[in-house]
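Report on the structure given below.
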Amino acid sequence: MAKSLKIAVLPGDGTGPEVTAEAVKVLDAAAAKFGFKVEKTEYDLGGERYKRSGEICPDSVVEELRTFDSILLGAIGHPDVKPGVLEKGLLLRLRFELDQYINLRPVKLYPGVPCPLVGKGPADIDYVVVRENTGGIYTGTGGISMQDTPNEVAVQSMVYNRFQVDRCLKYAFEYARRHGRKARGRGEENTVGLVGKTNVLTYVYDLWERAFHEMGQKDYPDVRRDYYHVDATCMWMVKNPEWFDVLVTGNMFGDIITDLGAITQGGMGIAAGGNINPEGVSMFEPIGGSAPKYTGQGVINPLAAICAMQMMLAHLALDEAAAAVEKAVMTVTGEKLKGMGAGQMGYSTSEVGDLVVELLK
Ligand code: IPM
Ligand code: MN
């Protein structure tokens with residue numbers, strides 16, 4: 001019997017629904033071609049529903065989402081809703097409650113995509129960031145006291161325990177063994193680089209560094225280990241991105257460096273990521289936001305959402321389909337699109353989806 005996937009679709013806010021529609025279109029085309037079935041259930045979570053009903057994400061929806069094979073998310077963020085409300089109430093809540101403790105963000109420059117780094121091409125920019133996704137400053141540990149007085153104090157703590165650090169490192173080492181440079185036939189070694197700030201954050205990144213070397217030495221002696229401070233990482237991501245293979249880091253640093261990574265691979269029109277629970281339900285999303293000013297114009301680039309869907313196929317072990325979608329996207333970037341930015345593609349949002357679908361037939 002053909003494999004059947006149960007997918008929850010959360011188009012979300014702004015341009016989220018437009019790009020998600022294209023990702024779903026390509027998913028359906030891949031299913032037809034590779035002989036699997038897809039059963040989709042759409043949820044209207046996001047800013048509009050919140051404005052209408054005051055509801056961000058009912059508990060019952062979180063429970064339902066646990067029963068899917070995967071979740072496809074468009075974008076979260078609404079201009080009429082105070083920043084933080086939807087992000088915390090929906091996106092971060094799902095990441096936390098579904099224990100999606102890895103945020104996997106490939107930084108891969110596809111052919112034909114304009115790159116802001118002088119002299120760098122697809123051979124130089126091809127690595128992944130494994131961002132810890134449920135801990136660190138993002139846990140919201142902290143508070144404000146003596147508000148509105150001259151002595152007001154605000155605390156936001158970076159909290160990690162060994163368990164969280166170990167499971168993230170393990171994912172990074174395993175990923176390097178399976179998909180690192182050597183595994184991909186691109187070099188002599190598979191490498192994990194830890195990104196930290198051991199010179200200042202002498203508690204948290206000391207824990208990360210000790211755990212990194214202990215685990216590496218004991219369980220992954222075949223994987224090379226590098227260490228970079230986060231500030232220097234930003235420099236090398238611009239100057240020598242070819243050094244990197246698999247980078248692993250905490251939640252906040254991972255958030256920041258993956259926006260830098262995204263712009264080196266052509267920007268938010270193409271950058272995708274996966275919120276992964278290796279033992280549970282994962283959620284795939286374009287890295288960019290809801291881009292409200294482009295909503296409804298058909299000018300937004302859907303490739304990031306299509307690439308997020310492609311990561312979902314790979315995660316669900318539909319390797320042939322995942323490879324075919326990636327190849328189609330690479331042909332579209334290499335031979336069709338004029339640019340990656342909104343309104344600069346030379347095609348509308350749905351035409352870009354059609355181009356990918358055509359190449360899958
Ligand atoms: C991201 C986003 C989110 C984050 C926001 C929207 C909460 O920037 O996915 O990188 O900080 O993780
Ligand atoms: Mn971010």
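Each chain in the structure tokens gets a letter, A, B, ..., in the order shown, and its residues are numbered from 1; ligands are numbered from 1 in order too.
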Checklist line | Nearby residues (only C-alpha atoms) at most 12 Å from Arg181 (chain A), same-chain spacing under 3 positions excluded, as number ranges by chain | finding: A: 123-128, 175-178, 184-192, 223-224, 242-246
Next item on the list: May I have the residues within 7 Å of Arg95 (chain A) as a PyMOL selection string, using only C-alpha atoms and disregarding those fewer than 5 positions away in the same chain?
Entry: chain A and resi 100+134+275
Take the selection from the previous step and output its residues with C-alpha atoms, as an mmCIF file, in the first residue's frame.
```
data_model
loop_
_atom_site.group_PDB
_atom_site.id
_atom_site.type_symbol
_atom_site.label_atom_id
_atom_site.label_comp_id
_atom_site.auth_asym_id
_atom_site.auth_seq_id
_atom_site.Cartn_x
_atom_site.Cartn_y
_atom_site.Cartn_z
ATOM 1 C CA GLN A 100 11.112 20.390 18.743
ATOM 2 C CA THR A 134 13.803 24.881 23.192
ATOM 3 C CA ASN A 275 11.857 22.601 13.939
#
```
Next item on the list: Within 10 Å of ligand 2, which residues show up when you count only C-alpha atoms and all ligand atoms? List them as a PyMOL selection string, please.
Entry: chain A and resi 251-260+262+287-289
Can you write just those residues out, all heavy atoms, as a short mmCIF file (atom, residue, chain, number, x, y, z; two decimals), in the first residue's frame?
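Output file out.cif is given in full below:
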```cif
data_model
loop_
_atom_site.label_atom_id
_atom_site.label_comp_id
_atom_site.auth_asym_id
_atom_site.auth_seq_id
_atom_site.Cartn_x
_atom_site.Cartn_y
_atom_site.Cartn_z
N ASN A 251 20.26 28.58 21.34
CA ASN A 251 19.07 29.13 20.69
C ASN A 251 19.27 30.56 20.17
O ASN A 251 19.01 30.85 19.00
CB ASN A 251 17.93 29.06 21.71
CG ASN A 251 16.56 28.94 21.07
OD1 ASN A 251 16.39 29.22 19.90
ND2 ASN A 251 15.57 28.55 21.86
N MET A 252 19.75 31.44 21.04
CA MET A 252 19.85 32.86 20.65
C MET A 252 20.92 33.08 19.58
O MET A 252 20.67 33.76 18.57
CB MET A 252 20.20 33.68 21.91
CG MET A 252 20.21 35.18 21.69
SD MET A 252 18.56 35.89 21.74
CE MET A 252 18.21 36.12 20.01
N PHE A 253 22.09 32.50 19.78
CA PHE A 253 23.14 32.67 18.76
C PHE A 253 22.68 32.05 17.44
O PHE A 253 22.95 32.58 16.36
CB PHE A 253 24.45 32.01 19.20
CG PHE A 253 25.12 32.68 20.37
CD1 PHE A 253 26.17 32.04 21.03
CD2 PHE A 253 24.75 33.94 20.79
CE1 PHE A 253 26.80 32.65 22.10
CE2 PHE A 253 25.38 34.56 21.87
CZ PHE A 253 26.42 33.90 22.53
N GLY A 254 21.99 30.92 17.54
CA GLY A 254 21.52 30.24 16.34
C GLY A 254 20.52 31.09 15.59
O GLY A 254 20.51 31.13 14.35
N ASP A 255 19.65 31.79 16.33
CA ASP A 255 18.68 32.69 15.70
C ASP A 255 19.42 33.77 14.91
O ASP A 255 19.12 34.02 13.74
CB ASP A 255 17.81 33.34 16.78
CG ASP A 255 16.87 34.38 16.19
OD1 ASP A 255 16.21 34.07 15.19
OD2 ASP A 255 16.83 35.50 16.72
N ILE A 256 20.41 34.36 15.54
CA ILE A 256 21.09 35.51 14.93
C ILE A 256 21.93 35.08 13.73
O ILE A 256 21.83 35.66 12.64
CB ILE A 256 21.96 36.25 15.98
CG1 ILE A 256 21.05 36.80 17.08
CG2 ILE A 256 22.76 37.36 15.32
CD1 ILE A 256 21.77 37.28 18.32
N ILE A 257 22.74 34.05 13.91
CA ILE A 257 23.65 33.72 12.79
C ILE A 257 22.90 33.12 11.60
O ILE A 257 23.39 33.20 10.47
CB ILE A 257 24.83 32.80 13.22
CG1 ILE A 257 24.36 31.39 13.59
CG2 ILE A 257 25.67 33.45 14.31
CD1 ILE A 257 25.51 30.40 13.81
N THR A 258 21.70 32.58 11.82
CA THR A 258 21.00 32.03 10.66
C THR A 258 20.32 33.10 9.81
O THR A 258 20.02 32.86 8.64
CB THR A 258 19.99 30.92 11.04
OG1 THR A 258 19.10 31.41 12.04
CG2 THR A 258 20.71 29.67 11.52
N ASP A 259 20.07 34.28 10.36
CA ASP A 259 19.65 35.38 9.48
C ASP A 259 20.83 35.82 8.62
O ASP A 259 20.66 36.11 7.42
CB ASP A 259 19.11 36.58 10.29
CG ASP A 259 17.59 36.53 10.45
OD1 ASP A 259 17.03 35.41 10.46
OD2 ASP A 259 16.97 37.61 10.56
N LEU A 260 22.00 35.88 9.19
CA LEU A 260 23.19 36.21 8.40
C LEU A 260 23.40 35.12 7.34
O LEU A 260 23.64 35.42 6.16
CB LEU A 260 24.42 36.32 9.32
CG LEU A 260 25.77 36.53 8.63
CD1 LEU A 260 25.75 37.76 7.73
CD2 LEU A 260 26.89 36.65 9.65
N ALA A 262 21.17 33.21 6.04
CA ALA A 262 20.10 33.29 5.04
C ALA A 262 20.43 34.33 3.97
O ALA A 262 20.22 34.09 2.78
CB ALA A 262 18.77 33.63 5.72
N ILE A 287 12.24 30.64 6.86
CA ILE A 287 12.83 31.40 7.97
C ILE A 287 12.25 32.81 8.04
O ILE A 287 12.12 33.40 9.10
CB ILE A 287 14.37 31.44 7.85
CG1 ILE A 287 14.94 30.03 8.07
CG2 ILE A 287 14.98 32.41 8.86
CD1 ILE A 287 16.46 29.99 8.16
N GLY A 288 11.87 33.35 6.89
CA GLY A 288 11.39 34.74 6.84
C GLY A 288 10.04 34.91 7.54
O GLY A 288 9.36 33.94 7.87
N GLY A 289 9.66 36.14 7.72
CA GLY A 289 8.42 36.44 8.43
C GLY A 289 7.22 36.55 7.50
O GLY A 289 7.22 36.03 6.37
#
```
Next item on the list: Go through region 86-294 of chain A and collect every residue that DSSP, computed from the backbone, puts in strand (DSSP E or B); the answer should be as a ChimeraX atom specification.
Entry: /A:102-108,126-132,136,142-145,153-156,159,190-196,223-229,246-249,272-276,282-286
Check: Could you pull the residues within 7 Å of Ser350 (chain A), counting only C-alpha atoms, minus those fewer than 3 positions along the same chain, as JSON, numbers by chain?
Finding: {"A": [22, 353, 354]}
Margin query: Please extract the residues of region 172-297 of chain A with a backbone DSSP assignment of alpha helix (DSSP H) and present them as a PyMOL selection string.
Written below: chain A and resi 172-179+204-219+230-239+251-264
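Across A:Gly112, A:Gly35, A:Gly140, A:Pro286, the tightest approach to ligand 1 is made by A:Pro286 when counting only C-alpha atoms and all ligand atoms.
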Next item on the list: Can you tell me which residues come within 7 Å of ligand 1 when counting only C-alpha atoms and all ligand atoms, ideally as a PyMOL selection string?
Entry: chain A and resi 76+87-88+91-92+255+287
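With only C-alpha atoms as the atoms that count, the residue of A:Gly334, A:Pro150, A:Gly143, A:Gly74 with the shortest distance to Thr20 (chain A) is A:Gly74.
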